[in-house]
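> What follows is coords_2.csv; its format and atoms are CSV, C-alpha atoms.
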```csv
chain,number,residue,atom,x,y,z
A,23,MET,CA,-22.6,6.5,-2.5
A,24,ILE,CA,-19.1,6.1,-3.8
A,25,TYR,CA,-17.4,8.1,-1.0
A,26,LEU,CA,-18.9,6.0,1.8
A,27,GLU,CA,-18.1,2.9,-0.1
A,28,LEU,CA,-14.5,3.9,-0.5
A,29,PHE,CA,-14.3,4.8,3.2
A,30,PHE,CA,-15.8,1.5,4.4
A,31,THR,CA,-13.8,-0.6,2.0
A,32,PHE,CA,-10.5,0.9,3.1
A,33,LEU,CA,-11.7,0.8,6.7
A,34,MET,CA,-12.1,-3.0,6.4
A,35,ILE,CA,-8.7,-3.3,4.6
A,36,GLY,CA,-7.0,-1.3,7.4
A,37,ALA,CA,-8.7,-3.4,10.1
A,38,PHE,CA,-7.7,-6.7,8.6
A,39,THR,CA,-4.1,-6.1,7.5
A,40,PHE,CA,-1.5,-7.3,9.9
A,41,GLY,CA,2.2,-6.4,9.4
A,42,GLY,CA,3.5,-3.7,7.1
A,43,GLY,CA,4.5,-3.3,3.5
A,44,TYR,CA,3.0,-5.7,1.1
A,45,ALA,CA,0.7,-7.3,3.7
A,46,MET,CA,-2.0,-5.1,2.4
A,47,LEU,CA,-1.7,-6.0,-1.2
A,48,PRO,CA,-3.8,-9.2,-1.2
A,49,LEU,CA,-6.8,-7.5,0.3
A,50,ILE,CA,-6.5,-4.5,-1.9
A,51,GLN,CA,-6.4,-6.8,-5.0
A,52,GLU,CA,-9.4,-8.7,-3.8
A,53,GLU,CA,-11.6,-5.7,-2.9
A,54,VAL,CA,-10.6,-3.3,-5.6
A,55,ALA,CA,-10.7,-5.8,-8.4
A,56,ALA,CA,-14.1,-7.2,-7.1
A,57,LYS,CA,-15.6,-3.8,-7.3
A,58,GLY,CA,-14.0,-3.1,-10.7
A,59,TRP,CA,-12.5,0.2,-9.4
A,60,VAL,CA,-9.0,-0.3,-10.9
A,61,ASP,CA,-7.8,-3.1,-13.2
A,62,ALA,CA,-5.2,-5.6,-12.1
A,63,ALA,CA,-2.4,-4.2,-14.3
A,64,ALA,CA,-2.9,-0.7,-13.1
A,65,LEU,CA,-2.7,-1.9,-9.6
A,66,VAL,CA,0.7,-3.5,-10.3
A,67,ASP,CA,1.9,-0.3,-12.0
A,68,PHE,CA,0.9,1.5,-8.8
A,69,VAL,CA,2.9,-0.8,-6.6
A,70,ALA,CA,5.9,0.5,-8.6
A,71,VAL,CA,4.9,4.1,-8.1
A,72,SER,CA,4.4,3.4,-4.4
A,73,GLU,CA,7.9,1.9,-4.2
A,74,SER,CA,9.4,5.0,-5.8
A,75,THR,CA,7.6,7.6,-3.7
A,76,PRO,CA,8.0,8.3,0.0
A,77,GLY,CA,5.5,7.2,2.6
A,78,PRO,CA,3.8,4.1,3.8
A,79,PHE,CA,2.7,1.6,1.0
A,80,ALA,CA,-0.8,1.4,2.5
A,81,ILE,CA,-1.4,5.2,2.4
A,82,ASN,CA,-0.1,5.4,-1.1
A,83,MET,CA,-2.4,2.7,-2.4
A,84,ALA,CA,-5.4,4.0,-0.6
A,85,THR,CA,-4.8,7.6,-1.9
A,86,TYR,CA,-4.3,6.2,-5.4
A,87,VAL,CA,-7.4,4.0,-5.6
A,88,GLY,CA,-9.5,6.7,-3.9
A,89,ALA,CA,-8.3,9.3,-6.4
A,90,GLU,CA,-8.9,7.0,-9.4
A,91,VAL,CA,-12.5,6.2,-8.3
A,92,GLY,CA,-13.6,9.5,-6.6
A,93,GLY,CA,-11.1,12.3,-7.3
A,94,VAL,CA,-9.6,14.3,-4.5
A,95,PHE,CA,-12.5,13.7,-2.0
A,96,GLY,CA,-12.4,10.0,-2.9
A,97,ALA,CA,-8.7,10.0,-2.0
A,98,VAL,CA,-9.5,11.7,1.3
A,99,CYS,CA,-12.2,9.1,2.2
A,100,ALA,CA,-10.1,6.1,1.3
A,101,THR,CA,-7.0,7.3,3.2
A,102,LEU,CA,-9.1,8.2,6.2
A,103,GLY,CA,-10.7,4.8,6.1
A,104,VAL,CA,-7.3,2.9,6.1
A,105,VAL,CA,-6.0,5.0,9.0
A,106,VAL,CA,-8.9,4.9,11.4
A,107,PRO,CA,-8.6,1.3,12.6
A,108,SER,CA,-4.9,1.8,13.4
A,109,ILE,CA,-5.6,4.9,15.4
A,110,VAL,CA,-8.5,3.4,17.4
A,111,VAL,CA,-6.7,0.1,18.1
A,112,ILE,CA,-3.4,1.8,19.1
A,113,LEU,CA,-5.1,4.3,21.4
A,114,ILE,CA,-6.8,1.4,23.2
A,115,VAL,CA,-3.6,-0.6,23.3
A,116,ALA,CA,-1.5,2.4,24.5
A,117,LYS,CA,-3.8,2.6,27.5
A,118,CYS,CA,-3.5,-1.0,28.6
A,119,TYR,CA,-0.2,-1.9,27.1
A,120,ASP,CA,1.0,-4.4,29.6
A,121,ARG,CA,-2.1,-6.5,29.6
A,122,PHE,CA,-2.0,-6.5,25.8
A,123,ARG,CA,1.6,-7.6,25.7
A,124,GLN,CA,1.1,-10.4,28.1
A,125,SER,CA,-2.1,-11.6,26.5
A,126,LYS,CA,-1.9,-15.2,25.5
A,127,ALA,CA,-4.9,-14.8,23.2
A,128,VAL,CA,-3.1,-12.1,21.2
A,129,LYS,CA,0.1,-14.2,21.0
A,130,GLY,CA,-1.9,-17.2,19.9
A,131,CYS,CA,-3.8,-15.4,17.2
A,132,MET,CA,-0.6,-13.8,15.9
A,133,SER,CA,1.1,-17.2,15.7
A,134,GLY,CA,-1.5,-18.1,13.1
A,135,LEU,CA,-1.8,-14.7,11.4
A,136,LYS,CA,1.9,-14.0,10.7
A,137,PRO,CA,2.5,-17.1,8.6
A,138,ALA,CA,-0.9,-16.7,7.0
A,139,VAL,CA,0.2,-13.3,5.7
A,140,VAL,CA,3.2,-14.9,4.0
A,141,GLY,CA,0.8,-17.4,2.3
A,142,LEU,CA,-1.6,-14.5,1.3
A,143,ILE,CA,1.2,-12.5,-0.3
A,144,GLY,CA,2.2,-15.7,-2.1
A,145,GLY,CA,-1.3,-15.7,-3.5
A,146,ALA,CA,-1.1,-12.1,-4.4
A,147,ILE,CA,2.1,-12.8,-6.3
A,148,VAL,CA,0.4,-15.4,-8.4
A,149,SER,CA,-2.1,-12.9,-9.6
A,150,VAL,CA,0.6,-10.3,-10.3
A,151,GLY,CA,2.4,-13.0,-12.3
A,152,ALA,CA,-0.8,-13.6,-14.3
A,153,THR,CA,-0.9,-9.9,-15.3
A,154,VAL,CA,2.7,-10.0,-16.3
A,155,PHE,CA,2.8,-13.3,-18.2
A,156,PHE,CA,-0.9,-13.8,-19.3
A,157,PRO,CA,-2.3,-10.3,-19.7
A,158,ALA,CA,-5.0,-11.6,-22.0
A,159,GLY,CA,-6.0,-14.4,-19.6
A,160,TRP,CA,-4.7,-18.0,-19.2
A,161,ALA,CA,-4.0,-19.3,-22.7
A,162,VAL,CA,-1.4,-21.6,-24.3
A,163,SER,CA,-0.9,-19.0,-27.1
A,164,ALA,CA,0.8,-16.8,-24.6
A,165,PHE,CA,3.8,-19.1,-24.7
A,166,LYS,CA,4.2,-18.5,-28.4
A,167,GLU,CA,4.8,-14.8,-28.0
A,168,LEU,CA,8.2,-13.3,-27.7
A,169,LYS,CA,7.1,-10.9,-25.0
A,170,PHE,CA,6.3,-13.8,-22.7
A,171,TYR,CA,10.0,-14.8,-22.7
A,172,LEU,CA,11.2,-11.2,-22.6
A,173,ALA,CA,9.1,-10.7,-19.4
A,174,ALA,CA,10.6,-13.8,-17.9
A,175,VAL,CA,14.1,-12.5,-18.6
A,176,ILE,CA,13.4,-9.1,-17.1
A,177,CYS,CA,11.8,-10.8,-14.0
A,178,GLY,CA,14.8,-13.2,-13.6
A,179,VAL,CA,17.4,-10.4,-13.9
A,180,MET,CA,15.6,-8.1,-11.6
A,181,MET,CA,15.2,-10.9,-9.1
A,182,VAL,CA,19.0,-11.3,-9.1
A,183,LEU,CA,19.4,-7.5,-8.6
A,184,ALA,CA,16.7,-7.5,-5.8
A,185,PHE,CA,18.6,-10.3,-3.9
A,186,LYS,CA,21.8,-8.3,-4.3
A,187,LYS,CA,19.9,-5.6,-2.4
A,188,VAL,CA,19.8,-3.1,-5.3
A,189,HIS,CA,17.4,-0.3,-4.4
A,190,PRO,CA,13.8,-0.8,-5.7
A,191,ILE,CA,13.9,2.6,-7.5
A,192,ILE,CA,16.9,1.4,-9.6
A,193,ILE,CA,15.2,-1.9,-10.3
A,194,ILE,CA,12.1,0.0,-11.5
A,195,CYS,CA,14.1,2.4,-13.7
A,196,ILE,CA,16.1,-0.5,-15.4
A,197,SER,CA,12.8,-2.4,-16.0
A,198,ALA,CA,11.2,0.7,-17.4
A,199,VAL,CA,14.2,1.3,-19.8
A,200,ILE,CA,14.1,-2.3,-21.0
A,201,GLY,CA,10.4,-2.0,-21.6
A,202,ILE,CA,10.7,1.2,-23.6
A,203,VAL,CA,13.6,-0.2,-25.7
A,204,ALA,CA,11.7,-3.4,-26.4
A,205,GLY,CA,8.6,-1.4,-27.3
A,206,TYR,CA,10.3,0.8,-29.8
A,207,LEU,CA,12.2,-2.2,-31.3
A,208,GLY,CA,8.7,-3.6,-32.0
A,209,LEU,CA,9.2,-6.6,-29.7
A,210,LEU,CA,6.0,-6.1,-27.7
B,22,MET,CA,2.2,30.4,20.8
B,23,SER,CA,1.3,28.4,23.9
B,24,SER,CA,3.6,25.5,24.7
B,25,ARG,CA,0.8,23.0,24.0
B,26,LEU,CA,0.3,24.3,20.5
B,27,LYS,CA,4.0,24.4,20.0
B,28,GLN,CA,4.3,20.8,21.0
B,29,LEU,CA,1.5,19.7,18.7
B,30,TRP,CA,3.2,21.6,15.8
B,31,GLN,CA,6.5,19.9,16.6
B,32,ILE,CA,4.8,16.5,16.5
B,33,PHE,CA,3.2,17.3,13.2
B,34,ALA,CA,6.4,18.6,11.7
B,35,ALA,CA,8.5,15.6,12.9
B,36,PHE,CA,6.1,13.1,11.5
B,37,PHE,CA,5.7,15.1,8.3
B,38,ARG,CA,9.5,14.7,7.8
B,39,ILE,CA,9.3,11.0,8.7
B,40,GLY,CA,6.5,10.5,6.1
B,41,ALA,CA,8.3,12.5,3.5
B,42,PHE,CA,11.6,10.8,3.7
B,43,THR,CA,10.7,7.1,4.2
B,44,PHE,CA,10.6,4.9,1.1
B,45,GLY,CA,8.8,1.6,1.3
B,46,GLY,CA,7.1,2.5,4.6
B,47,GLY,CA,6.7,0.1,7.5
B,48,LEU,CA,9.8,-0.8,9.3
B,49,ALA,CA,11.9,1.4,7.1
B,50,MET,CA,10.3,4.2,9.1
B,51,ILE,CA,11.6,3.1,12.5
B,52,PRO,CA,15.1,4.5,12.4
B,53,LEU,CA,13.7,7.9,11.5
B,54,ILE,CA,11.1,7.8,14.2
B,55,GLN,CA,13.9,6.8,16.6
B,56,LYS,CA,15.9,9.9,15.6
B,57,GLU,CA,13.1,12.4,15.8
B,58,ALA,CA,11.1,11.0,18.7
B,59,VAL,CA,13.9,9.8,20.9
B,60,GLU,CA,17.1,11.7,20.1
B,61,LYS,CA,15.7,15.0,19.1
B,62,HIS,CA,12.5,15.5,21.2
B,63,GLY,CA,12.7,12.9,23.9
B,64,TRP,CA,9.0,12.0,23.5
B,65,VAL,CA,9.7,8.3,24.0
B,66,SER,CA,12.6,6.2,25.0
B,67,ASP,CA,14.6,3.6,23.0
B,68,ASP,CA,12.8,0.8,24.9
B,69,ASP,CA,9.5,2.4,23.8
B,70,ILE,CA,10.6,2.1,20.2
B,71,LEU,CA,11.1,-1.6,20.6
B,72,GLU,CA,7.7,-1.9,22.2
B,73,ILE,CA,6.1,0.1,19.4
B,74,VAL,CA,7.5,-2.3,16.8
B,75,ALA,CA,6.2,-5.3,18.7
B,76,ILE,CA,2.8,-3.7,19.1
B,77,ALA,CA,2.6,-2.4,15.5
B,78,GLU,CA,3.3,-5.9,14.3
B,79,SER,CA,0.5,-7.5,16.3
B,80,THR,CA,-2.2,-4.9,15.6
B,81,PRO,CA,-4.0,-4.3,12.4
B,82,GLY,CA,-3.1,-1.4,10.1
B,83,PRO,CA,0.0,0.1,8.5
B,84,ILE,CA,3.1,-0.1,10.8
B,85,ALA,CA,3.9,3.6,10.1
B,86,ILE,CA,0.5,4.8,11.2
B,87,ASN,CA,0.5,2.5,14.3
B,88,ALA,CA,3.9,3.9,15.3
B,89,ALA,CA,2.9,7.5,14.7
B,90,THR,CA,-0.3,7.1,16.7
B,91,PHE,CA,1.6,5.5,19.6
B,92,VAL,CA,4.4,8.1,19.8
B,93,GLY,CA,1.9,11.0,19.4
B,94,TYR,CA,-0.2,9.6,22.2
B,95,ARG,CA,2.8,9.2,24.5
B,96,ALA,CA,4.0,12.7,23.7
B,97,ALA,CA,0.7,14.6,23.9
B,98,GLY,CA,-2.4,12.4,24.3
B,99,VAL,CA,-5.1,11.8,21.8
B,100,LEU,CA,-4.6,15.2,20.0
B,101,GLY,CA,-0.9,14.3,19.7
B,102,SER,CA,-1.7,11.0,18.0
B,103,ALA,CA,-4.0,12.8,15.6
B,104,PHE,CA,-1.3,15.4,14.7
B,105,ALA,CA,1.4,12.6,14.3
B,106,THR,CA,-0.9,10.6,12.0
B,107,PHE,CA,-1.9,13.5,10.0
B,108,GLY,CA,1.8,14.5,9.6
B,109,THR,CA,2.8,11.0,8.4
B,110,VAL,CA,0.0,10.8,5.9
B,111,LEU,CA,0.1,14.2,4.4
B,112,PRO,CA,3.3,13.9,2.2
B,113,SER,CA,2.2,10.6,0.7
B,114,PHE,CA,-1.2,11.9,0.1
B,115,VAL,CA,-0.1,15.0,-1.8
B,116,ILE,CA,2.6,13.3,-3.8
B,117,ILE,CA,0.3,10.4,-4.8
B,118,LEU,CA,-2.5,12.7,-5.8
B,119,LEU,CA,-0.2,14.6,-8.1
B,120,ILE,CA,1.3,11.4,-9.6
B,121,SER,CA,-2.1,9.8,-10.2
B,122,TYR,CA,-3.1,13.1,-12.0
B,123,VAL,CA,0.0,13.2,-14.1
B,124,LEU,CA,-0.2,9.4,-14.9
B,125,ARG,CA,-3.7,9.9,-16.2
B,126,GLN,CA,-2.5,12.6,-18.6
B,127,PHE,CA,0.3,10.4,-20.0
B,128,GLN,CA,-0.8,6.8,-19.7
B,129,GLN,CA,-1.9,6.7,-23.4
B,130,LEU,CA,1.6,7.5,-24.6
B,131,PRO,CA,3.4,4.4,-26.1
B,132,ALA,CA,6.6,5.1,-24.2
B,133,VAL,CA,4.7,5.1,-20.9
B,134,GLN,CA,2.9,1.9,-21.7
B,135,TYR,CA,6.2,0.2,-22.7
B,136,ALA,CA,7.8,1.4,-19.6
B,137,PHE,CA,5.1,0.0,-17.4
B,138,TRP,CA,5.1,-3.3,-19.2
B,139,GLY,CA,8.8,-3.6,-18.2
B,140,ILE,CA,8.1,-2.3,-14.7
B,141,ARG,CA,5.4,-4.9,-14.0
B,142,ALA,CA,8.0,-7.7,-14.5
B,143,GLY,CA,10.3,-5.8,-12.2
B,144,VAL,CA,7.6,-5.5,-9.6
B,145,LEU,CA,7.0,-9.2,-9.8
B,146,ALA,CA,10.7,-9.8,-9.1
B,147,MET,CA,10.7,-7.5,-6.1
B,148,LEU,CA,7.5,-9.1,-4.7
B,149,ILE,CA,9.1,-12.5,-4.9
B,150,LYS,CA,12.2,-11.3,-3.2
B,151,SER,CA,10.2,-9.8,-0.3
B,152,LEU,CA,8.1,-13.0,0.0
B,153,TYR,CA,11.4,-14.9,0.4
B,154,THR,CA,12.6,-12.5,3.1
B,155,MET,CA,9.3,-12.8,4.9
B,156,PHE,CA,9.4,-16.5,4.7
B,157,LYS,CA,12.9,-16.6,6.2
B,158,LYS,CA,11.8,-14.4,9.1
B,159,SER,CA,8.6,-16.2,9.7
B,160,ALA,CA,8.1,-18.7,12.6
B,161,LYS,CA,9.2,-22.3,12.0
B,162,GLY,CA,7.3,-25.5,13.0
B,163,TRP,CA,4.3,-27.3,11.6
B,164,PRO,CA,1.5,-24.9,12.8
B,165,ALA,CA,3.2,-22.0,11.0
B,166,TYR,CA,3.7,-24.0,7.8
B,167,VAL,CA,0.1,-25.3,7.8
B,168,ALA,CA,-1.3,-21.7,8.2
B,169,MET,CA,1.0,-20.5,5.4
B,170,ALA,CA,0.1,-23.3,3.0
B,171,ALA,CA,-3.6,-23.1,3.9
B,172,ALA,CA,-3.7,-19.3,3.3
B,173,PHE,CA,-2.0,-19.7,-0.1
B,174,VAL,CA,-4.1,-22.6,-1.4
B,175,LEU,CA,-7.4,-21.2,-0.1
B,176,THR,CA,-6.9,-17.8,-1.7
B,177,ALA,CA,-4.9,-18.5,-4.8
B,178,VAL,CA,-6.4,-21.8,-5.8
B,179,LEU,CA,-9.9,-22.1,-4.2
B,180,ASP,CA,-10.7,-18.3,-4.3
B,181,VAL,CA,-11.9,-18.2,-0.7
B,182,HIS,CA,-12.4,-14.6,0.6
B,183,ILE,CA,-9.3,-13.3,2.3
B,184,LEU,CA,-11.2,-12.1,5.4
B,185,ILE,CA,-12.4,-15.6,6.1
B,186,VAL,CA,-8.9,-17.0,5.7
B,187,ILE,CA,-7.4,-14.3,8.0
B,188,ILE,CA,-10.0,-15.0,10.7
B,189,GLY,CA,-9.6,-18.8,10.3
B,190,CYS,CA,-5.8,-18.6,10.6
B,191,ALA,CA,-6.1,-16.4,13.8
B,192,VAL,CA,-8.4,-19.0,15.3
B,193,PHE,CA,-6.1,-21.8,14.2
B,194,GLY,CA,-3.1,-20.1,15.8
B,195,LEU,CA,-5.0,-19.5,19.0
B,196,VAL,CA,-6.0,-23.2,19.2
B,197,THR,CA,-2.6,-24.7,18.3
B,198,ALA,CA,-0.8,-22.3,20.7
B,199,THR,CA,-3.2,-23.1,23.5
B,200,LEU,CA,-2.8,-26.9,22.9
B,201,ALA,CA,1.0,-26.6,22.8
B,202,GLU,CA,1.0,-24.8,26.0
B,203,ARG,CA,-1.2,-27.4,27.7
B,204,ARG,CA,1.0,-30.1,26.6
B,205,ALA,CA,4.1,-28.3,27.9
B,206,GLY,CA,2.2,-27.7,31.2
B,207,LYS,CA,1.6,-31.4,31.8
```
Please, can you express the file's structure as structure tokens?

Amino acid sequence: MIYLELFFTFLMIGAFTFGGGYAMLPLIQEEVAAKGWVDAAALVDFVAVSESTPGPFAINMATYVGAEVGGVFGAVCATLGVVVPSIVVILIVAKCYDRFRQSKAVKGCMSGLKPAVVGLIGGAIVSVGATVFFPAGWAVSAFKELKFYLAAVICGVMMVLAFKKVHPIIIICISAVIGIVAGYLGLL
Amino acid sequence: MSSRLKQLWQIFAAFFRIGAFTFGGGLAMIPLIQKEAVEKHGWVSDDDILEIVAIAESTPGPIAINAATFVGYRAAGVLGSAFATFGTVLPSFVIILLISYVLRQFQQLPAVQYAFWGIRAGVLAMLIKSLYTMFKKSAKGWPAYVAMAAAFVLTAVLDVHILIVIIGCAVFGLVTATLAERRAGK
């Protein structure tokens, strides 16, 4: 049943994501793409939507994937799934906080997990890069197309803006306008 | 209204505001939580907020939900944590449901497709920037770099399942931290 599958998939995603923000992206990519629920490009589009709407990234992504796959009730199941592990773990930790904080085992595991998350996000970026530059799959012919270079220019300029701490919503709007102009000029 | 119900309502309303006005989630939410939960209602102290950040970063799940659950629990027990979490989730949930519906109606329009083509390149740029920020903040030393490189190569190149990599890196961290401590103890 799709609703149970949504709930348990997002339960697992919630249980194995450490750290906030994009930390959840690699797991969502892996699970959602593997099940064929949402395609890779739509997922990237939704990262942009998530950046431009309020609320935690994780909740936004769960609600979106749930709604795409199973409508309103699907969204409820996915969101519930992603939230449950946090609630259970925090309620346990809140009760025995001092022991948790002093625990050498927790500290040790975290010393491996935190840098691993950086590596995982690096991996996620590679697949986002593939959807941007090689939407039709890895092929040499992609280098011959104008839009390959146009995407590279947009990405480069937006990176400069991002490092200058321009707000994500502004970056998304500028990218969208460039995309629309390029499209209507027949460049895509 | 009994004071218990009133408090649960206040918790829900406070976290609803927090959920509705934080963009990007995670740590962006902490200043708002501090304002609502410490300054306005006195459910927790400033020290608690620091603890919450530390805990949220070393437990699974979204930081926002971890923080909401923790504050709700401190303020009003298990029911409090349920109301806090529900309040945090509700604004996102409603907004995203509406947007995904609207997107489905308009995604075939050329203008929308062109816009998202550009946006994807912009998202890639923002992801790279946030990766750089995370890298700068991350721990230094060879065990950290090994875990980082292993996680990248195993998932991006060798296509190993992420769960295996996460569990493996946790064990690796535990072993290297224990060994380092023994060596320091000698």
> In Å to one decimal, how far is atom CA of Gly139 of chain B from atom CA of Leu168 of chain A?
13.6 Å
> Name the residues in contact with segment 147-149 of chain B at a cut-off of 7 Å, using all atoms listed in the file, excluding same-chain residues fewer than 5 positions from it; report them as a PyMOL selection string.
chain A and resi 147+181+184
> I need the residue nearest chain A from this list: B:Leu26, B:Val65, B:Ala136, B:Val99. Use only C-alpha atoms for the distance.
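The answer is B:Ala136, which sits nearest to chain A.
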> If we count only C-alpha atoms and set the cut-off at 10 Å, which residues sit around segment 151-156 of chain B, ignoring sequence neighbours fewer than 5 positions away in its own chain? Please answer as a list of chain:residue names.
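My list of contacting residues is A:Gly43, A:Tyr44, A:Lys136, A:Pro137, A:Val139, A:Val140, A:Gly141, A:Leu142, A:Ile143, A:Gly144, A:Ile147, A:Ala184, A:Phe185, B:Ala146, B:Lys161, B:Tyr166, B:Met169.
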> In the coordinates of the file, take the point (0.0, -5.0, 25.2) and a cut-off of 10 Å; then, counting all atoms listed in the file, name each qualifying protein, DNA or RNA residue as JSON, numbers by chain.
{"A": [112, 114, 115, 116, 117, 118, 119, 120, 121, 122, 123, 124, 125, 128], "B": [72, 73, 75, 76, 79, 80]}
> Compute the distance from (-1.1, -5.8, 10.8) to each atom, counting all atoms listed in the file, keep the residues with any atom at most 9 Å away, and return them as a ChimeraX atom specification; use the coordinates of the file.
/A:36-42,45-46,108,135-136 /B:77-84
> Please determine, counting all atoms listed in the file, which residue among A:Ala63, A:Met23, A:Ile193, A:Ile50 has the shortest atom-to-atom distance to Val150 of chain A.
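Looking at the shortest contact to Val150 of chain A, the residue is A:Ala63.
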> Just how far from atom CA of Ala198 of chain A is atom CA of Phe170 of chain A, in Å to one decimal?
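Straight-line distance from atom CA of Phe170 of chain A to atom CA of Ala198 of chain A works out to 16.2 Å.
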> What's around Phe42 of chain B at 7 Å? Count only C-alpha atoms, leave out sequence neighbours fewer than 3 positions away in its own chain, and write the answer as a PyMOL selection string.
(chain A and resi 76) or (chain B and resi 38-39)
> May I ask for the distance between atom CA of Gly92 of chain A and atom CA of Gln129 of chain B, given in Å to one decimal place?
20.7 Å
> Taking all atoms listed in the file into account, name the residue in A:Ala161, A:Ile24, A:Leu33, A:Met180 that is nearest to chain B.
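Ranking A:Ala161, A:Ile24, A:Leu33, A:Met180 by distance to chain B, first place goes to A:Met180.
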> Would you mind listing what lies within 8 Å of segment 114-122 of chain B as a VMD selection string, with all atoms listed in the file counted and same-chain residues fewer than 2 positions away left out?
(chain A and resid 75 81 to 82 85 to 86 89 to 90 94 97) or (chain B and resid 110 to 112 124 to 126)
